Structure formats: structure tokens, C-alpha cells
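First up is the structure itself, then whatever we jot down about it.
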Amino acid sequence: MEQRHPTIRVYLTVWATLMALLVVTVLAAIPRTLGGISTVIAMLIAATKAVLIVLYFMHVRYAHRTTWIFASAAFFWLLILLGLTFGDYFTRGWTVGTYGK
Amino acid sequence: MPDSHAQSAVAHQFDDAPQQHHADTLGMWLFLATEVMLFGGLFTGYAVYRHRYLAGFIQASGEMHAILGAINTAVLLCSSLAMALAVHAATTRKKNQLVGFLILTIVLGLAFLGIKATEYYLEYKDHLIPGLNFAWDGPDPKAMFLFMSFYFTMTGLHALHMTGGITVMTILAILAARGHFTAKGNSNTIEMAGLYWHFVDIVWVFLFPLLYLVR
């Protein structure tokens with residue numbers, strides 16, 4: 001069984017896309033009035049770049065299913081960490097005024 | 001002869017090359033998962049304090065050298081391409097290409113660290129290094145201090161990973177020049193080191209907008 005890897009053309013296309021996304025990230029941050037929306041845009045672009053790197057540069061797209069599970073588990077656990085923490089800190093203000101009444 | 005060479009690249013505990021490749025890949029991803037947790041903790045702490053002191057973090061982010069940060073992001077993305085091409089050269093057993101792309105990866109990695117060091121020096125001159133010379137006359141000095149602490153911890157840990165990666169690549173480049181990977185056809189080591197390099201790149205992909213582009 002031969003290991004499947006991307007071709008050089010695929011590598012170059014992914015690299016060009018990553019560079020283009022970097023330019024978009026910088027441009028989206030220039031209008032300072034966008035506020036939180038520019039953060040959402042920046043994080044969506046960063047996540048897209050990460051997925052491209054994982055799938056093509058790190059060969060996960062071509063890998064065995066157990067590799068998919070190991071790679072996904074890493075980020076799934078991160079989502080649990082972020083989700084439960086933010087679920088606490090970001091909602092604390094919601095209950096202001098209901099304490100001690 | 002090529003067949004017997006390929007056979008000798010498989011360690012005795014594995015049935016064949018694909019099984020060894022699979023085991024190597026899973027082991028490396030398991031290690032990367034612990035790295036995701038290590039950086040994840042810092043990212044989580046950063047997000048909580050950014051939510052709490054948003055105005056201060058926006059002000060602090062304005063003190064960052066965003067252009068140098070953007071250039072550094074481009075440098076790292078190029079180094080990842082060089083690394084991917086090094087892995088390609090290793091799997092197709094092209095020794096000179098492999099050595100060349102590994103050296104290019106190292107050079108781009110060093111360029112990243114050089115630009116990062118320049119930024120640190122500029123921040124030193126701006127009196128923005130907590131615990132060393134921090135002094136801020138403007139509003140929100142505590143949030144400023146907090147942001148700079150996160151900034152140096154996160155970029156510092158990332159730079160440490162870069163240094164480790166460059167060290168590994170240097171050793172691999174020397175071994176590659178001796179034909180260690182292309183003679184027997186054991187490209188796994190190059191590929192696993194590549195996974196680490198790309199992971200460190202991914203960390204920076206998130207660090208750049210989070211630290212330099214707070215709006």
C-alpha cells in the first residue's frame with residue numbers, strides 16, 4: 001500500500017490561499033469601527049487557515065480514519081475547555097441584580 | 001535491491017511500512033493534542049481577560065507592530081510550504097531537494113525569530129515589558145500590563161517551540177545530507193517533524209489576529 005500525499009500543485013494552491021487569507025485578515029482589521037465583527041471575521045479566517053494546514057500540509061485529508069479521530073479529539077477537547085469556561089465567564093453579567101433579593 | 005532497502009527501513013516490531021507509518025502518525029498527533037491543551041489554556045485565559053478588559057486590550061493591541069506581525073505570519077506560511085515540499089522530496093527520495101527545502105525551512109524559521117526579536121527590542125524601548133521595565137502613563141495601565149503579560153507568555157512559548165523546531169530541522173538536515181532518509185526510503189521522521197512544524201505555524205495563525213488586531 002502506497003502512502004497517499006498531495007501533489008506539489010496542491011501544496012502551492014494551499015499556500016497561495018493561505019497568503020490570500022492573511023491579506024484579507026489584515027484588510028478586515030483596518031476599519032477600526034467594525035469592532036466585534038472584525039474579531040469574528042479574523043477568527044473564522046484563522047480557523048479556515050488552520051483547517052487547510054491540517055488537511056493538506058499535515059496530510060490528514062489523505063490519512064487513515066483513526067488519524068482523523070486523534071486529530072479531531074485534540075480540537076474537540078479544546079472546544080470543551082473553551083465552551084465550559086466561556087459559558088461561565090461570559091454569562092456572569094446576566095444574573096446581576098438577581099442576587100440577594 | 002530497492003525492495004530490501006525499503007524493508008530495512010521498517011523497525012522489527014512492525015509488520016510493514018504502512019503499519020509503521022500509521023503508528024508514527026498516531027503517536028505524533030497524540031503529542032500534538034497535548035500541545036493543543038498547553039496553548040489552549042493560555043488562549044482560554046487570554047479570552048477571559050480580553051472579555052473583561054476589552055477597552056484596555058484594544059489600546060494595548062494598538063501598541064503592537066502589526067506590520068511586522070503580518071510579515072512574520074507570511075514568513076511562517078512560506079516556511080510551512082518549504083517544509084511540505086521537504087516531506088515531498090523525502091517521500092520521492094530526492095536527497096538534494098530534501099536538504100535544500102530543510103535549509104529553506106530553517107532559514108525562514110530564523111527570519112521569524114529575528115523579526116520577533118526586533119519587536120521585543122522595540123517593546124523594550126517602549127517600556128512595555130512586565131517585570132523588566134513596564135511603565136505606562138496612559139489610561140488603563142493594569143489592563144495594559146495584563147495584555148503585555150499574555151503577549152510575552154504566548155509569543156515567548158511559541159518562539160520556544162520555533163527554537164525547538166529549528167534545532168530538530170538542523171539535525172535532520174545534517175542526517176539528510178548524509179543520505180540517512182533517502183537511501184533507505186524512511187521518510188517518516190521528516191514527515192513527523194513536519195507535523196510539528198505545521199502545528200507551530202497554526203498556533204501563530206491564531207496568535208497574530210488575537211494579539212495584533214484587537215478591535
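Quick note on naming: the chains in the C-alpha cells go A, B, ... in the order shown, residues restart at 1 in each chain, and ligands are numbered from 1 in order of appearance.
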
Taking only C-alpha atoms into account, report as a JSON list (two decimals) with N, CA and C atoms, in the first residue's frame which residues of chain A lie within 8 Å of chain B.
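Final output, part_1.json:
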[["chain", "number", "residue", "atom", "x", "y", "z"],
["A", 1, "MET", "N", 0.85, -1.21, 0.00],
["A", 1, "MET", "CA", 0.00, 0.00, 0.00],
["A", 1, "MET", "C", 0.88, 1.25, 0.00],
["A", 2, "GLU", "N", 0.68, 2.09, -0.96],
["A", 2, "GLU", "CA", 1.48, 3.32, -1.06],
["A", 2, "GLU", "C", 0.82, 4.42, -0.23],
["A", 3, "GLN", "N", 1.64, 5.21, 0.49],
["A", 3, "GLN", "CA", 1.09, 6.34, 1.25],
["A", 3, "GLN", "C", 0.64, 7.41, 0.27],
["A", 5, "HIS", "N", -0.10, 11.15, -0.73],
["A", 5, "HIS", "CA", 0.29, 12.50, -0.35],
["A", 5, "HIS", "C", -0.18, 13.49, -1.41],
["A", 8, "ILE", "N", 2.61, 18.56, -5.63],
["A", 8, "ILE", "CA", 3.22, 19.88, -5.45],
["A", 8, "ILE", "C", 2.23, 20.99, -5.83],
["A", 11, "TYR", "N", 0.04, 21.66, -2.91],
["A", 11, "TYR", "CA", 0.77, 22.44, -1.89],
["A", 11, "TYR", "C", 0.82, 23.91, -2.26],
["A", 12, "LEU", "N", 1.13, 24.21, -3.53],
["A", 12, "LEU", "CA", 1.26, 25.60, -3.97],
["A", 12, "LEU", "C", -0.09, 26.31, -3.90],
["A", 15, "TRP", "N", -0.88, 27.04, -0.27],
["A", 15, "TRP", "CA", -0.02, 28.14, 0.19],
["A", 15, "TRP", "C", -0.55, 29.49, -0.31],
["A", 18, "LEU", "N", -3.57, 30.46, 1.61],
["A", 18, "LEU", "CA", -3.22, 30.92, 2.96],
["A", 18, "LEU", "C", -2.71, 32.36, 2.94],
["A", 19, "MET", "N", -1.88, 32.68, 1.95],
["A", 19, "MET", "CA", -1.35, 34.05, 1.84],
["A", 19, "MET", "C", -2.48, 35.04, 1.54],
["A", 22, "LEU", "N", -4.39, 35.70, 4.64],
["A", 22, "LEU", "CA", -3.64, 36.61, 5.52],
["A", 22, "LEU", "C", -3.92, 38.05, 5.13],
["A", 25, "THR", "N", -7.33, 39.04, 6.27],
["A", 25, "THR", "CA", -7.35, 39.29, 7.72],
["A", 25, "THR", "C", -6.87, 40.70, 8.04],
["A", 26, "VAL", "N", -5.74, 41.09, 7.41],
["A", 26, "VAL", "CA", -5.18, 42.42, 7.68],
["A", 26, "VAL", "C", -6.13, 43.51, 7.18],
["A", 29, "ALA", "N", -9.10, 44.21, 9.34],
["A", 29, "ALA", "CA", -8.81, 44.85, 10.63],
["A", 29, "ALA", "C", -8.59, 46.35, 10.48],
["A", 32, "ARG", "N", -11.42, 50.36, 11.98],
["A", 32, "ARG", "CA", -11.49, 50.08, 13.42],
["A", 32, "ARG", "C", -12.91, 50.16, 13.98],
["A", 33, "THR", "N", -13.84, 50.64, 13.13],
["A", 33, "THR", "CA", -15.22, 50.81, 13.61],
["A", 33, "THR", "C", -16.01, 49.50, 13.61],
["A", 34, "LEU", "N", -15.48, 48.47, 12.93],
["A", 34, "LEU", "CA", -16.21, 47.21, 12.84],
["A", 34, "LEU", "C", -16.36, 46.53, 14.20],
["A", 35, "GLY", "N", -15.40, 46.79, 15.10],
["A", 35, "GLY", "CA", -15.48, 46.22, 16.45],
["A", 35, "GLY", "C", -15.48, 44.72, 16.47],
["A", 36, "GLY", "N", -16.46, 44.16, 17.22],
["A", 36, "GLY", "CA", -16.50, 42.72, 17.42],
["A", 36, "GLY", "C", -16.62, 41.90, 16.15],
["A", 38, "SER", "N", -15.11, 42.36, 13.34],
["A", 38, "SER", "CA", -13.80, 42.09, 12.75],
["A", 38, "SER", "C", -13.09, 40.96, 13.49],
["A", 39, "THR", "N", -13.38, 40.83, 14.80],
["A", 39, "THR", "CA", -12.82, 39.70, 15.56],
["A", 39, "THR", "C", -13.40, 38.38, 15.07],
["A", 42, "ALA", "N", -11.85, 37.64, 11.76],
["A", 42, "ALA", "CA", -10.46, 37.19, 11.94],
["A", 42, "ALA", "C", -10.40, 35.75, 12.43],
["A", 43, "MET", "N", -11.29, 35.38, 13.37],
["A", 43, "MET", "CA", -11.26, 34.02, 13.92],
["A", 43, "MET", "C", -11.75, 33.00, 12.90],
["A", 46, "ALA", "N", -8.86, 32.55, 10.56],
["A", 46, "ALA", "CA", -7.80, 31.77, 11.21],
["A", 46, "ALA", "C", -8.18, 30.28, 11.24],
["A", 47, "ALA", "N", -9.47, 30.00, 11.56],
["A", 47, "ALA", "CA", -9.92, 28.61, 11.61],
["A", 47, "ALA", "C", -9.84, 27.96, 10.22],
["A", 49, "LYS", "N", -7.74, 28.82, 7.82],
["A", 49, "LYS", "CA", -6.32, 28.57, 7.56],
["A", 49, "LYS", "C", -5.86, 27.32, 8.29],
["A", 50, "ALA", "N", -6.27, 27.17, 9.55],
["A", 50, "ALA", "CA", -5.85, 26.00, 10.35],
["A", 50, "ALA", "C", -6.35, 24.71, 9.69],
["A", 53, "ILE", "N", -4.27, 23.90, 6.65],
["A", 53, "ILE", "CA", -2.94, 23.38, 7.02],
["A", 53, "ILE", "C", -3.06, 21.93, 7.49],
["A", 54, "VAL", "N", -4.07, 21.66, 8.35],
["A", 54, "VAL", "CA", -4.24, 20.30, 8.88],
["A", 54, "VAL", "C", -4.56, 19.31, 7.76],
["A", 57, "PHE", "N", -1.25, 20.32, 4.36],
["A", 57, "PHE", "CA", 0.16, 20.28, 4.78],
["A", 57, "PHE", "C", 0.40, 19.12, 5.75],
["A", 58, "MET", "N", -0.58, 18.81, 6.60],
["A", 58, "MET", "CA", -0.40, 17.74, 7.59],
["A", 58, "MET", "C", -1.03, 16.43, 7.12],
["A", 64, "HIS", "N", -5.60, 7.77, 7.41],
["A", 64, "HIS", "CA", -6.49, 6.73, 7.93],
["A", 64, "HIS", "C", -7.50, 7.36, 8.90],
["A", 66, "THR", "N", -8.46, 6.58, 11.88],
["A", 66, "THR", "CA", -8.03, 6.74, 13.28],
["A", 66, "THR", "C", -7.21, 8.02, 13.44],
["A", 67, "THR", "N", -6.47, 8.41, 12.39],
["A", 67, "THR", "CA", -5.75, 9.69, 12.45],
["A", 67, "THR", "C", -6.74, 10.85, 12.52],
["A", 70, "PHE", "N", -7.86, 11.03, 16.14],
["A", 70, "PHE", "CA", -6.84, 11.63, 17.03],
["A", 70, "PHE", "C", -6.75, 13.14, 16.80],
["A", 71, "ALA", "N", -6.74, 13.55, 15.52],
["A", 71, "ALA", "CA", -6.61, 14.97, 15.21],
["A", 71, "ALA", "C", -7.85, 15.74, 15.68],
["A", 73, "ALA", "N", -9.94, 14.85, 18.08],
["A", 73, "ALA", "CA", -10.04, 14.81, 19.54],
["A", 73, "ALA", "C", -9.28, 15.98, 20.15],
["A", 74, "ALA", "N", -8.10, 16.30, 19.58],
["A", 74, "ALA", "CA", -7.30, 17.40, 20.12],
["A", 74, "ALA", "C", -8.12, 18.68, 20.15],
["A", 75, "PHE", "N", -8.81, 18.97, 19.05],
["A", 75, "PHE", "CA", -9.56, 20.22, 18.97],
["A", 75, "PHE", "C", -10.92, 20.12, 19.65],
["A", 77, "TRP", "N", -11.42, 18.52, 22.50],
["A", 77, "TRP", "CA", -11.16, 18.80, 23.92],
["A", 77, "TRP", "C", -10.94, 20.29, 24.15],
["A", 78, "LEU", "N", -10.34, 20.95, 23.17],
["A", 78, "LEU", "CA", -10.14, 22.39, 23.26],
["A", 78, "LEU", "C", -11.49, 23.11, 23.28],
["A", 81, "LEU", "N", -12.94, 22.86, 26.71],
["A", 81, "LEU", "CA", -12.27, 23.82, 27.59],
["A", 81, "LEU", "C", -12.81, 25.23, 27.36],
["A", 82, "LEU", "N", -12.88, 25.65, 26.10],
["A", 82, "LEU", "CA", -13.35, 26.99, 25.77],
["A", 82, "LEU", "C", -14.84, 27.14, 26.10],
["A", 85, "THR", "N", -15.65, 27.18, 29.93],
["A", 85, "THR", "CA", -15.09, 28.38, 30.56],
["A", 85, "THR", "C", -15.87, 29.63, 30.16],
["A", 86, "PHE", "N", -16.11, 29.77, 28.84],
["A", 86, "PHE", "CA", -16.85, 30.94, 28.37],
["A", 86, "PHE", "C", -18.29, 30.91, 28.88],
["A", 89, "TYR", "N", -17.79, 32.56, 32.40],
["A", 89, "TYR", "CA", -17.37, 33.97, 32.48],
["A", 89, "TYR", "C", -18.24, 34.92, 31.67],
["A", 90, "PHE", "N", -18.66, 34.49, 30.46],
["A", 90, "PHE", "CA", -19.35, 35.42, 29.58],
["A", 90, "PHE", "C", -20.82, 35.61, 29.98]]

Nearest candidate to Leu146 (chain B) (options B:Ala183, B:Ala11, B:Val107, B:Leu54; using only C-alpha atoms)
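With only C-alpha atoms as the atom set, the closest residue is B:Leu54.
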
Nearest residue to Val14 (chain A) from the set A:Val51, A:Leu44, A:Ile37, A:Ile30 (distances using only C-alpha atoms):
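Going through A:Val51, A:Leu44, A:Ile37, A:Ile30 one by one, the smallest distance to Val14 (chain A) is for A:Val51.
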
What separates CA of Tyr56 (chain A) and CA of Pro6 (chain A) is a distance of 6.8 Å

Residues of region 36-193 of chain B classed as helix (DSSP H, G or I) by DSSP on the backbone are to be reported as a PyMOL selection string.
chain B and resi 36-52+54-61+66-91+95-125+141-177+188-193

Met148 (chain B) surroundings by only C-alpha atoms, 7 Å radius, close-in-sequence under 3 positions cut, as a list of chain:residue names
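After dropping sequence-adjacent residues, the list is B:Leu128, B:Ile129, B:Pro130, B:Met144, B:Phe145, B:Tyr151, B:Phe152.
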